[in-house]
Amino acid sequence: MRNRKSFYRILSSLVIILLAVQNILPIHDRIPEQYLASCVIHDKATFEELMKRAHGRLKTGQSKSLFLAIRDVADAEKIDLSRFFKNKNVDGVKNLSEKNKILLNILLADSKGKIKQGLDLKGGVSCVLKIDDSKFENLGTSEKTEQLNKAIDIIRQRIDGLGVSEPLLRVFGKNCIEIQLPGISTKDNPEIVDAIKKPAKLEFKLLHPTLIPKSKFERAPVGYEVLVFEGDHGDNGEEAYAFVKKIPGMTGSMVKRAGVVVGQYGEYEISLTMTEEGARCFEKITADNINRRLGIVLDGKLYSAPSIRSAITNGCASISGKFSQRDAFELSNILNNPLEFELKFVELSEIGPSLAEDARINSLRAMLIGTAIVAAFMLIFYHVAGIISLIAVLANVIIILGVMVTIGGTLTLPGIAALVLTIGMAVDANILIFERIREELLSGKPLRAALASGHEKAFSTILDANLTTLLTAIILMCFGVGPVKGFGVILAIGILATMFCTLVLSKGLLEFLVEKDLVKKLIPDFRIKPTSFDFLAYAKLTVGIYAVVALACTVIVAFRGTRIYGIDFTGGDEITLTFEKKIPIKEINRLASEHGIGEVTSVYQKSIADSSEILRIQTPEGQGTKFFDHLNNHFQDSRPFLVRKTEIGASVGQGTKLNALISVILSMVGVMIYVAFRFETAYGIGAMISTIADVVLTILIYLALGRQISAPMIASILMVVGYAINDTIIVFDRIREELRINKAKALKDVINLSINRTLSRTILTSASTFLAALALYVFGSGVVVDFALVFAMGVIVGTFSSIFIASPMFYTWHRGNRTTIIGNNAT
């Protein structure tokens, strides 16, 4: 029976790992021409001739990319591309041009590597949009700022709806917005920016009761205009026209929400739910115009015109138009986030990675070193069991990446760093189990019994520690926005993957080795010598040291003032340069450091319009012109020329900052409630206070060292929250267990005993995680260094607070009297 259990654990793990690997592959983009050729299954010779004509369009500059060239040739020659490929679910689309567009978009997406990379690793597209409206120009300065920030929020929601993760949006100049989209190419995705800037002006207009135009140039009756139907409304996919009233009977302002539904014939439609006022208005329009057609017009385009058979009283409508699934969701997303002002293009360009090549290489090398250190640590201390834990951790990373691909996540350098730190944290559960197994072995139990007993005793601790962290992740997902919500998603995936790999895969492999007698010794006899420190005796001294350090750091931080905020939070200057010879980004960063300019971010950017290349450098506010003078003096052979200096807004908005704070506070309250429910009130209060102390002191020390608050730093702080909670719960779980076992001991003695018995696990897990963070700090570059520094300090502070704050807080709450503890057989 046991053999079967281990077999099923291993089998289920292999299935999940293989599914994750299938999701991840291919990692890199495939060459478009080779990929398309591999997908052709019919009439290959004809397709090869079509490809030659497409390449001809590329050479003459008539098309921007191979995919667009193929589409242009197919449209011009009326070729149905679906006949060359396997079924791609486009047979229901009658309009040939739309059918080819959908098919090529599917093939383009399939040709890309599954793991999306962020702006720092791969670059993407940058576009500057300008609010071009006389109403906007008449607004005051504060009103303009408010409208720009509102537009940014709406565009961010639209981008989220398009499945593009980790975008960068900020105010650019006085009336512009800059958008940077990672991993996107406008050569292959020319419509994506159009989807972002559409105003989404929805109108309901009556069609002429009797007349139908034969062309779009036909003269319209008074009060009407000619509009072309979008999609397949004509015979054989040809264009169809209608005379539509110029004045709408109702506008999109009366629509409460839009969603995607599947119609009775399996086609995608956009459902509309009206507001109360909208429902009354819609009922009147339909009641007064029975047997007439009501046109649904979006941004001047006629999508559908259903006939009114009776008055519609439920406040619902739908837009049909032979949409693909992607188009339907895109249109629904736009309707849910309408823009108040029209946006116009100012600039469109491709941008390179924001992190210099050497910095990327250094940081990736640091991550490999960090991973190797954790691996060596586990092998030294746990031998065979350490190998099993490393297999489980590798599976953990594969599963996390597989799920990230499934949900459309983007991998950035801080994200990779977080994965490395996740490896350090993932071995925590294994160490907890291994230390329990070691205890059982030292008590004289045989290997098989020690393995079963160790897992059984560690299970509740692992469950509570991970569920509290999972609760934090769920709260961040539910109440967070932008990067905070994204971090919550990744944290939740990491926790679930860790629990699965520890409790299923690792356990299955260990059971298999023991049951088959393949190993005689899982874990070496070595262990940290048992201690008997009186930790509670040092609690007041430790709290005093905490207070002194926090006060000193607070004074330093207060003296620094607003300089604690990075460009992500305050905005700054951006200088745009042309040059004759490229300046290495690492040299730009070195020059900025030498002259005390502060944080700078540099990217090379290629204009899509004329292929010219420029250099954009972001500096702290008021430093742009000064830094250009230094560049001009130091790199005279490059002949840099200042094209413009622009003020840029913060990429992390006020709402995001407030939301991050609220999310963390809610997660703390949630953890306190959960711990109080699972353990007892004093445990919950101790966990919350110690975690708050961890976060506050970590931030203060980080800022006192001259660092700045940045977007990656927020993610690192959130990781500290998860780690600190996990560490505290493990100590508390042991206190609860020892209270049951040692019913005659005083509360102080039980707490000290529990801390001493978990001390080896605390030292080992903290050391493995700290060493991983230290490797990132020492060998990494750029934001990875800041990310690792915050987490390394958080590990140290969190380890001490779980011992010297959380546990003493529990003791103080009960005034040293165990009889006041509720439940858990404490007395």
# chains A, B, ... in the order shown; residues from 1 in each chain; ligands from 1
>>> select_by_dssp(residues="range 644-699 of chain A", states="alpha helix (DSSP H)", output="JSON list (two decimals) with all heavy atoms, in the first residue's frame")
[["chain", "number", "residue", "atom", "x", "y", "z"],
["A", 654, "GLN", "N", 0.36, 57.56, -7.37],
["A", 654, "GLN", "CA", -0.03, 57.73, -5.97],
["A", 654, "GLN", "C", -0.99, 56.63, -5.54],
["A", 654, "GLN", "O", -0.91, 56.12, -4.42],
["A", 654, "GLN", "CB", -0.68, 59.11, -5.80],
["A", 654, "GLN", "CG", -0.96, 59.49, -4.35],
["A", 654, "GLN", "CD", 0.31, 59.70, -3.54],
["A", 654, "GLN", "OE1", 1.31, 60.15, -4.08],
["A", 654, "GLN", "NE2", 0.27, 59.38, -2.26],
["A", 655, "GLY", "N", -1.88, 56.27, -6.46],
["A", 655, "GLY", "CA", -2.84, 55.22, -6.15],
["A", 655, "GLY", "C", -2.17, 53.88, -5.87],
["A", 655, "GLY", "O", -2.56, 53.14, -4.98],
["A", 656, "THR", "N", -1.12, 53.57, -6.66],
["A", 656, "THR", "CA", -0.40, 52.31, -6.48],
["A", 656, "THR", "C", 0.31, 52.29, -5.13],
["A", 656, "THR", "O", 0.33, 51.28, -4.43],
["A", 656, "THR", "CB", 0.62, 52.11, -7.61],
["A", 656, "THR", "OG1", -0.07, 52.11, -8.86],
["A", 656, "THR", "CG2", 1.37, 50.79, -7.45],
["A", 657, "LYS", "N", 0.93, 53.44, -4.76],
["A", 657, "LYS", "CA", 1.63, 53.51, -3.47],
["A", 657, "LYS", "C", 0.65, 53.29, -2.31],
["A", 657, "LYS", "O", 0.91, 52.51, -1.39],
["A", 657, "LYS", "CB", 2.32, 54.88, -3.32],
["A", 657, "LYS", "CG", 3.53, 55.06, -4.22],
["A", 657, "LYS", "CD", 4.22, 56.38, -3.97],
["A", 657, "LYS", "CE", 3.55, 57.51, -4.71],
["A", 657, "LYS", "NZ", 4.30, 58.78, -4.64],
["A", 658, "LEU", "N", -0.49, 53.99, -2.37],
["A", 658, "LEU", "CA", -1.48, 53.86, -1.31],
["A", 658, "LEU", "C", -2.04, 52.45, -1.28],
["A", 658, "LEU", "O", -2.25, 51.86, -0.22],
["A", 658, "LEU", "CB", -2.60, 54.89, -1.53],
["A", 658, "LEU", "CG", -3.73, 54.90, -0.49],
["A", 658, "LEU", "CD1", -3.18, 55.25, 0.89],
["A", 658, "LEU", "CD2", -4.81, 55.91, -0.90],
["A", 659, "ASN", "N", -2.27, 51.90, -2.48],
["A", 659, "ASN", "CA", -2.82, 50.56, -2.58],
["A", 659, "ASN", "C", -1.87, 49.52, -1.99],
["A", 659, "ASN", "O", -2.31, 48.58, -1.33],
["A", 659, "ASN", "CB", -3.10, 50.24, -4.05],
["A", 659, "ASN", "CG", -3.75, 48.90, -4.24],
["A", 659, "ASN", "OD1", -3.06, 47.91, -4.41],
["A", 659, "ASN", "ND2", -5.07, 48.86, -4.19],
["A", 660, "ALA", "N", -0.56, 49.69, -2.23],
["A", 660, "ALA", "CA", 0.42, 48.76, -1.69],
["A", 660, "ALA", "C", 0.39, 48.79, -0.16],
["A", 660, "ALA", "O", 0.42, 47.73, 0.49],
["A", 660, "ALA", "CB", 1.82, 49.11, -2.20],
["A", 661, "LEU", "N", 0.30, 50.00, 0.40],
["A", 661, "LEU", "CA", 0.27, 50.13, 1.86],
["A", 661, "LEU", "C", -0.99, 49.49, 2.43],
["A", 661, "LEU", "O", -0.93, 48.73, 3.41],
["A", 661, "LEU", "CB", 0.33, 51.61, 2.24],
["A", 661, "LEU", "CG", 0.27, 51.94, 3.74],
["A", 661, "LEU", "CD1", 1.46, 51.31, 4.46],
["A", 661, "LEU", "CD2", 0.24, 53.44, 3.96],
["A", 662, "ILE", "N", -2.14, 49.79, 1.81],
["A", 662, "ILE", "CA", -3.41, 49.22, 2.29],
["A", 662, "ILE", "C", -3.39, 47.70, 2.19],
["A", 662, "ILE", "O", -3.84, 46.99, 3.10],
["A", 662, "ILE", "CB", -4.59, 49.81, 1.49],
["A", 662, "ILE", "CG1", -4.76, 51.30, 1.80],
["A", 662, "ILE", "CG2", -5.88, 49.05, 1.79],
["A", 662, "ILE", "CD1", -5.76, 52.00, 0.92],
["A", 663, "SER", "N", -2.84, 47.17, 1.08],
["A", 663, "SER", "CA", -2.79, 45.72, 0.88],
["A", 663, "SER", "C", -1.95, 45.04, 1.95],
["A", 663, "SER", "O", -2.32, 43.98, 2.47],
["A", 663, "SER", "CB", -2.23, 45.40, -0.51],
["A", 663, "SER", "OG", -3.07, 45.93, -1.52],
["A", 664, "VAL", "N", -0.80, 45.64, 2.28],
["A", 664, "VAL", "CA", 0.06, 45.06, 3.31],
["A", 664, "VAL", "C", -0.64, 45.09, 4.66],
["A", 664, "VAL", "O", -0.60, 44.11, 5.42],
["A", 664, "VAL", "CB", 1.41, 45.81, 3.37],
["A", 664, "VAL", "CG1", 2.22, 45.36, 4.59],
["A", 664, "VAL", "CG2", 2.21, 45.57, 2.10],
["A", 665, "ILE", "N", -1.29, 46.22, 4.98],
["A", 665, "ILE", "CA", -2.01, 46.32, 6.26],
["A", 665, "ILE", "C", -3.12, 45.28, 6.34],
["A", 665, "ILE", "O", -3.27, 44.59, 7.36],
["A", 665, "ILE", "CB", -2.59, 47.74, 6.44],
["A", 665, "ILE", "CG1", -1.46, 48.76, 6.63],
["A", 665, "ILE", "CG2", -3.53, 47.79, 7.65],
["A", 665, "ILE", "CD1", -1.92, 50.20, 6.63],
["A", 666, "LEU", "N", -3.88, 45.14, 5.26],
["A", 666, "LEU", "CA", -4.96, 44.14, 5.24],
["A", 666, "LEU", "C", -4.40, 42.73, 5.39],
["A", 666, "LEU", "O", -5.00, 41.88, 6.07],
["A", 666, "LEU", "CB", -5.76, 44.26, 3.94],
["A", 666, "LEU", "CG", -6.69, 45.47, 3.81],
["A", 666, "LEU", "CD1", -7.29, 45.52, 2.42],
["A", 666, "LEU", "CD2", -7.80, 45.41, 4.86],
["A", 667, "SER", "N", -3.26, 42.47, 4.76],
["A", 667, "SER", "CA", -2.66, 41.14, 4.87],
["A", 667, "SER", "C", -2.23, 40.87, 6.31],
["A", 667, "SER", "O", -2.36, 39.75, 6.81],
["A", 667, "SER", "CB", -1.48, 41.00, 3.91],
["A", 667, "SER", "OG", -0.40, 41.84, 4.27],
["A", 668, "MET", "N", -1.71, 41.91, 6.99],
["A", 668, "MET", "CA", -1.31, 41.75, 8.39],
["A", 668, "MET", "C", -2.53, 41.42, 9.26],
["A", 668, "MET", "O", -2.48, 40.53, 10.12],
["A", 668, "MET", "CB", -0.65, 43.03, 8.90],
["A", 668, "MET", "CG", 0.68, 43.40, 8.28],
["A", 668, "MET", "SD", 1.94, 42.18, 8.58],
["A", 668, "MET", "CE", 1.85, 41.25, 7.06],
["A", 669, "VAL", "N", -3.61, 42.15, 9.03],
["A", 669, "VAL", "CA", -4.84, 41.90, 9.80],
["A", 669, "VAL", "C", -5.36, 40.49, 9.50],
["A", 669, "VAL", "O", -5.78, 39.75, 10.40],
["A", 669, "VAL", "CB", -5.90, 42.96, 9.47],
["A", 669, "VAL", "CG1", -7.23, 42.61, 10.13],
["A", 669, "VAL", "CG2", -5.44, 44.34, 9.91],
["A", 670, "GLY", "N", -5.33, 40.10, 8.22],
["A", 670, "GLY", "CA", -5.78, 38.77, 7.84],
["A", 670, "GLY", "C", -4.97, 37.67, 8.49],
["A", 670, "GLY", "O", -5.53, 36.67, 8.98],
["A", 671, "VAL", "N", -3.65, 37.85, 8.53],
["A", 671, "VAL", "CA", -2.77, 36.87, 9.18],
["A", 671, "VAL", "C", -3.09, 36.79, 10.66],
["A", 671, "VAL", "O", -3.16, 35.70, 11.24],
["A", 671, "VAL", "CB", -1.29, 37.23, 8.95],
["A", 671, "VAL", "CG1", -0.39, 36.43, 9.88],
["A", 671, "VAL", "CG2", -0.90, 36.98, 7.51],
["A", 672, "MET", "N", -3.29, 37.95, 11.29],
["A", 672, "MET", "CA", -3.59, 37.96, 12.73],
["A", 672, "MET", "C", -4.88, 37.19, 13.01],
["A", 672, "MET", "O", -4.94, 36.38, 13.94],
["A", 672, "MET", "CB", -3.75, 39.40, 13.22],
["A", 672, "MET", "CG", -3.97, 39.51, 14.73],
["A", 672, "MET", "SD", -4.33, 41.17, 15.31],
["A", 672, "MET", "CE", -6.02, 41.36, 14.71],
["A", 673, "ILE", "N", -5.91, 37.41, 12.19],
["A", 673, "ILE", "CA", -7.18, 36.71, 12.39],
["A", 673, "ILE", "C", -7.01, 35.21, 12.18],
["A", 673, "ILE", "O", -7.51, 34.39, 12.97],
["A", 673, "ILE", "CB", -8.26, 37.28, 11.43],
["A", 673, "ILE", "CG1", -8.57, 38.74, 11.81],
["A", 673, "ILE", "CG2", -9.52, 36.42, 11.48],
["A", 673, "ILE", "CD1", -9.45, 39.45, 10.81],
["A", 674, "TYR", "N", -6.28, 34.83, 11.13],
["A", 674, "TYR", "CA", -6.09, 33.40, 10.85],
["A", 674, "TYR", "C", -5.32, 32.72, 11.98],
["A", 674, "TYR", "O", -5.72, 31.65, 12.47],
["A", 674, "TYR", "CB", -5.34, 33.20, 9.53],
["A", 674, "TYR", "CG", -4.98, 31.75, 9.26],
["A", 674, "TYR", "CD1", -5.90, 30.89, 8.68],
["A", 674, "TYR", "CD2", -3.74, 31.23, 9.63],
["A", 674, "TYR", "CE1", -5.59, 29.55, 8.46],
["A", 674, "TYR", "CE2", -3.42, 29.90, 9.42],
["A", 674, "TYR", "CZ", -4.35, 29.07, 8.83],
["A", 674, "TYR", "OH", -4.06, 27.75, 8.61],
["A", 675, "VAL", "N", -4.22, 33.34, 12.40],
["A", 675, "VAL", "CA", -3.39, 32.76, 13.46],
["A", 675, "VAL", "C", -4.17, 32.70, 14.77],
["A", 675, "VAL", "O", -4.08, 31.71, 15.51],
["A", 675, "VAL", "CB", -2.08, 33.55, 13.63],
["A", 675, "VAL", "CG1", -1.28, 33.03, 14.82],
["A", 675, "VAL", "CG2", -1.25, 33.47, 12.37],
["A", 676, "ALA", "N", -4.94, 33.74, 15.05],
["A", 676, "ALA", "CA", -5.76, 33.74, 16.26],
["A", 676, "ALA", "C", -6.79, 32.61, 16.22],
["A", 676, "ALA", "O", -7.08, 31.98, 17.24],
["A", 676, "ALA", "CB", -6.46, 35.09, 16.42],
["A", 677, "PHE", "N", -7.32, 32.34, 15.03],
["A", 677, "PHE", "CA", -8.32, 31.27, 14.87],
["A", 677, "PHE", "C", -7.67, 29.89, 14.99],
["A", 677, "PHE", "O", -8.17, 29.00, 15.67],
["A", 677, "PHE", "CB", -9.03, 31.40, 13.52],
["A", 677, "PHE", "CG", -9.98, 30.29, 13.22],
["A", 677, "PHE", "CD1", -11.22, 30.24, 13.82],
["A", 677, "PHE", "CD2", -9.62, 29.29, 12.32],
["A", 677, "PHE", "CE1", -12.10, 29.20, 13.55],
["A", 677, "PHE", "CE2", -10.50, 28.26, 12.04],
["A", 677, "PHE", "CZ", -11.74, 28.20, 12.66],
["A", 678, "ARG", "N", -6.51, 29.72, 14.31],
["A", 678, "ARG", "CA", -5.84, 28.41, 14.30],
["A", 678, "ARG", "C", -5.08, 28.13, 15.59],
["A", 678, "ARG", "O", -4.96, 26.98, 16.01],
["A", 678, "ARG", "CB", -4.87, 28.34, 13.11],
["A", 678, "ARG", "CG", -5.52, 28.03, 11.79],
["A", 678, "ARG", "CD", -5.87, 26.58, 11.68],
["A", 678, "ARG", "NE", -4.67, 25.73, 11.61],
["A", 678, "ARG", "CZ", -4.64, 24.45, 11.90],
["A", 678, "ARG", "NH1", -5.73, 23.86, 12.35],
["A", 678, "ARG", "NH2", -3.53, 23.74, 11.80],
["A", 681, "THR", "N", -5.45, 34.06, 20.27],
["A", 681, "THR", "CA", -5.35, 35.50, 20.02],
["A", 681, "THR", "C", -3.94, 36.04, 20.19],
["A", 681, "THR", "O", -3.44, 36.81, 19.36],
["A", 681, "THR", "CB", -6.31, 36.27, 20.95],
["A", 681, "THR", "OG1", -7.63, 35.78, 20.77],
["A", 681, "THR", "CG2", -6.26, 37.76, 20.64],
["A", 682, "ALA", "N", -3.26, 35.63, 21.26],
["A", 682, "ALA", "CA", -1.93, 36.16, 21.54],
["A", 682, "ALA", "C", -0.94, 35.81, 20.44],
["A", 682, "ALA", "O", -0.04, 36.59, 20.12],
["A", 682, "ALA", "CB", -1.43, 35.65, 22.89],
["A", 683, "TYR", "N", -1.09, 34.61, 19.85],
["A", 683, "TYR", "CA", -0.23, 34.23, 18.74],
["A", 683, "TYR", "C", -0.43, 35.19, 17.56],
["A", 683, "TYR", "O", 0.53, 35.63, 16.92],
["A", 683, "TYR", "CB", -0.55, 32.82, 18.27],
["A", 683, "TYR", "CG", -0.16, 31.70, 19.21],
["A", 683, "TYR", "CD1", -1.13, 31.00, 19.91],
["A", 683, "TYR", "CD2", 1.16, 31.32, 19.35],
["A", 683, "TYR", "CE1", -0.80, 29.94, 20.75],
["A", 683, "TYR", "CE2", 1.51, 30.26, 20.19],
["A", 683, "TYR", "CZ", 0.52, 29.58, 20.88],
["A", 683, "TYR", "OH", 0.86, 28.54, 21.70],
["A", 684, "GLY", "N", -1.71, 35.49, 17.26],
["A", 684, "GLY", "CA", -2.02, 36.38, 16.14],
["A", 684, "GLY", "C", -1.45, 37.76, 16.33],
["A", 684, "GLY", "O", -0.88, 38.35, 15.40],
["A", 685, "ILE", "N", -1.59, 38.31, 17.54],
["A", 685, "ILE", "CA", -1.06, 39.65, 17.82],
["A", 685, "ILE", "C", 0.48, 39.64, 17.75],
["A", 685, "ILE", "O", 1.09, 40.54, 17.18],
["A", 685, "ILE", "CB", -1.54, 40.13, 19.20],
["A", 685, "ILE", "CG1", -3.05, 40.37, 19.15],
["A", 685, "ILE", "CG2", -0.81, 41.40, 19.63],
["A", 685, "ILE", "CD1", -3.68, 40.66, 20.49],
["A", 686, "GLY", "N", 1.09, 38.60, 18.28],
["A", 686, "GLY", "CA", 2.55, 38.49, 18.21],
["A", 686, "GLY", "C", 3.06, 38.41, 16.79],
["A", 686, "GLY", "O", 4.05, 39.05, 16.43],
["A", 687, "ALA", "N", 2.36, 37.63, 15.94],
["A", 687, "ALA", "CA", 2.76, 37.49, 14.54],
["A", 687, "ALA", "C", 2.64, 38.81, 13.80],
["A", 687, "ALA", "O", 3.52, 39.21, 13.02],
["A", 687, "ALA", "CB", 1.90, 36.42, 13.85],
["A", 688, "MET", "N", 1.54, 39.54, 14.04],
["A", 688, "MET", "CA", 1.33, 40.80, 13.34],
["A", 688, "MET", "C", 2.36, 41.84, 13.77],
["A", 688, "MET", "O", 2.97, 42.51, 12.92],
["A", 688, "MET", "CB", -0.08, 41.33, 13.62],
["A", 688, "MET", "CG", -0.40, 42.60, 12.83],
["A", 688, "MET", "SD", -2.08, 43.22, 13.11],
["A", 688, "MET", "CE", -1.91, 43.86, 14.77],
["A", 689, "ILE", "N", 2.58, 42.00, 15.06],
["A", 689, "ILE", "CA", 3.51, 43.02, 15.56],
["A", 689, "ILE", "C", 4.93, 42.73, 15.10],
["A", 689, "ILE", "O", 5.67, 43.63, 14.67],
["A", 689, "ILE", "CB", 3.43, 43.13, 17.09],
["A", 689, "ILE", "CG1", 2.08, 43.73, 17.50],
["A", 689, "ILE", "CG2", 4.57, 43.99, 17.65],
["A", 689, "ILE", "CD1", 1.83, 43.79, 18.98],
["A", 690, "SER", "N", 5.35, 41.46, 15.16],
["A", 690, "SER", "CA", 6.72, 41.13, 14.75],
["A", 690, "SER", "C", 6.92, 41.35, 13.26],
["A", 690, "SER", "O", 7.97, 41.83, 12.83],
["A", 690, "SER", "CB", 7.06, 39.68, 15.11],
["A", 690, "SER", "OG", 6.28, 38.78, 14.37],
["A", 691, "THR", "N", 5.90, 41.05, 12.45],
["A", 691, "THR", "CA", 6.01, 41.26, 11.00],
["A", 691, "THR", "C", 6.07, 42.74, 10.67],
["A", 691, "THR", "O", 6.87, 43.17, 9.81],
["A", 691, "THR", "CB", 4.82, 40.60, 10.27],
["A", 691, "THR", "OG1", 4.75, 39.22, 10.63],
["A", 691, "THR", "CG2", 4.97, 40.72, 8.77],
["A", 692, "ILE", "N", 5.24, 43.54, 11.33],
["A", 692, "ILE", "CA", 5.30, 44.99, 11.12],
["A", 692, "ILE", "C", 6.67, 45.52, 11.51],
["A", 692, "ILE", "O", 7.27, 46.35, 10.80],
["A", 692, "ILE", "CB", 4.19, 45.69, 11.93],
["A", 692, "ILE", "CG1", 2.81, 45.35, 11.36],
["A", 692, "ILE", "CG2", 4.40, 47.22, 11.93],
["A", 692, "ILE", "CD1", 1.65, 45.84, 12.21],
["A", 693, "ALA", "N", 7.21, 45.02, 12.64],
["A", 693, "ALA", "CA", 8.55, 45.44, 13.08],
["A", 693, "ALA", "C", 9.59, 45.07, 12.04],
["A", 693, "ALA", "O", 10.51, 45.86, 11.75],
["A", 693, "ALA", "CB", 8.88, 44.80, 14.43],
["A", 694, "ASP", "N", 9.48, 43.87, 11.44],
["A", 694, "ASP", "CA", 10.42, 43.44, 10.39],
["A", 694, "ASP", "C", 10.41, 44.41, 9.23],
["A", 694, "ASP", "O", 11.46, 44.88, 8.77],
["A", 694, "ASP", "CB", 10.02, 42.06, 9.85],
["A", 694, "ASP", "CG", 10.12, 40.98, 10.90],
["A", 694, "ASP", "OD1", 10.82, 41.20, 11.90],
["A", 694, "ASP", "OD2", 9.49, 39.93, 10.71],
["A", 695, "VAL", "N", 9.20, 44.69, 8.74],
["A", 695, "VAL", "CA", 9.07, 45.52, 7.55],
["A", 695, "VAL", "C", 9.56, 46.94, 7.81],
["A", 695, "VAL", "O", 10.34, 47.51, 7.02],
["A", 695, "VAL", "CB", 7.59, 45.54, 7.08],
["A", 695, "VAL", "CG1", 7.40, 46.55, 5.95],
["A", 695, "VAL", "CG2", 7.16, 44.15, 6.62],
["A", 696, "VAL", "N", 9.13, 47.52, 8.91],
["A", 696, "VAL", "CA", 9.50, 48.91, 9.23],
["A", 696, "VAL", "C", 11.01, 49.04, 9.39],
["A", 696, "VAL", "O", 11.64, 49.94, 8.81],
["A", 696, "VAL", "CB", 8.77, 49.39, 10.50],
["A", 696, "VAL", "CG1", 9.33, 50.74, 10.95],
["A", 696, "VAL", "CG2", 7.27, 49.50, 10.22],
["A", 697, "LEU", "N", 11.63, 48.14, 10.18],
["A", 697, "LEU", "CA", 13.06, 48.25, 10.43],
["A", 697, "LEU", "C", 13.87, 47.99, 9.15],
["A", 697, "LEU", "O", 14.87, 48.66, 8.89],
["A", 697, "LEU", "CB", 13.49, 47.28, 11.53],
["A", 697, "LEU", "CG", 14.92, 47.47, 12.05],
["A", 697, "LEU", "CD1", 15.09, 48.87, 12.64],
["A", 697, "LEU", "CD2", 15.27, 46.42, 13.09],
["A", 698, "THR", "N", 13.43, 47.02, 8.35],
["A", 698, "THR", "CA", 14.12, 46.74, 7.08],
["A", 698, "THR", "C", 14.10, 47.95, 6.17],
["A", 698, "THR", "O", 15.13, 48.33, 5.59],
["A", 698, "THR", "CB", 13.47, 45.54, 6.37],
["A", 698, "THR", "OG1", 13.54, 44.39, 7.22],
["A", 698, "THR", "CG2", 14.17, 45.23, 5.07],
["A", 699, "ILE", "N", 12.94, 48.60, 6.04],
["A", 699, "ILE", "CA", 12.84, 49.78, 5.19],
["A", 699, "ILE", "C", 13.71, 50.91, 5.72],
["A", 699, "ILE", "O", 14.43, 51.58, 4.96],
["A", 699, "ILE", "CB", 11.36, 50.24, 5.09],
["A", 699, "ILE", "CG1", 10.52, 49.21, 4.33],
["A", 699, "ILE", "CG2", 11.26, 51.60, 4.39],
["A", 699, "ILE", "CD1", 9.04, 49.50, 4.34]]
>>> residues_around(residues="Ser612 in chain A", least_positions_apart="4", cutoff="12 Å", atoms="only C-alpha atoms", output="PyMOL selection string")
chain A and resi 348-351+577-580+604-608
>>> residues_around(residues="Cys281 in chain A", least_positions_apart="5", cutoff="12 Å", atoms="only C-alpha atoms", output="ChimeraX atom specification")
/A:204,248-255,274-276,286-288,311-316
>>> residues_around(residues="Asp29 in chain A", least_positions_apart="2", cutoff="8 Å", atoms="only C-alpha atoms", output="JSON, numbers by chain")
{"A": [26, 27, 31, 111, 112, 113]}
>>> closest_residue(among="A:Pro640, A:Leu207, A:Val226, A:Lys59", to="Ser307 in chain A", atoms="only C-alpha atoms")
A:Leu207
>>> closest_residue(among="A:Ile583, A:Ile407, A:Leu631, A:Leu463", to="Leu615 in chain A", atoms="only C-alpha atoms")
A:Ile583
>>> closest_residue(among="A:Leu121, A:Leu700, A:Ile115, A:Leu467", to="Val405 in chain A", atoms="only C-alpha atoms")
A:Ile115
>>> closest_residue(among="A:Leu211, A:Ala109, A:Ile751, A:Ala305", to="Ala537 in chain A", atoms="only C-alpha atoms")
A:Ile751
>>> closest_residue(among="A:Asn632, A:Ser13, A:Gln623, A:Asn362", to="Lys645 in chain A", atoms="only C-alpha atoms")
A:Gln623
>>> select_by_dssp(residues="range 623-781 of chain A", states="strand (DSSP E or B)", output="count of residues only")
9
>>> closest_residue(among="A:Val128, A:Leu432, A:Ile617, A:Ala773", to="Asp573 in chain A", atoms="only C-alpha atoms")
A:Ile617
>>> atom_distance(atom1="CA of Lys540 in chain A", atom2="CA of Met809 in chain A")
10.7 Å
>>> atom_distance(atom1="CA of Pro530 in chain A", atom2="CA of Arg757 in chain A")
7.2 Å
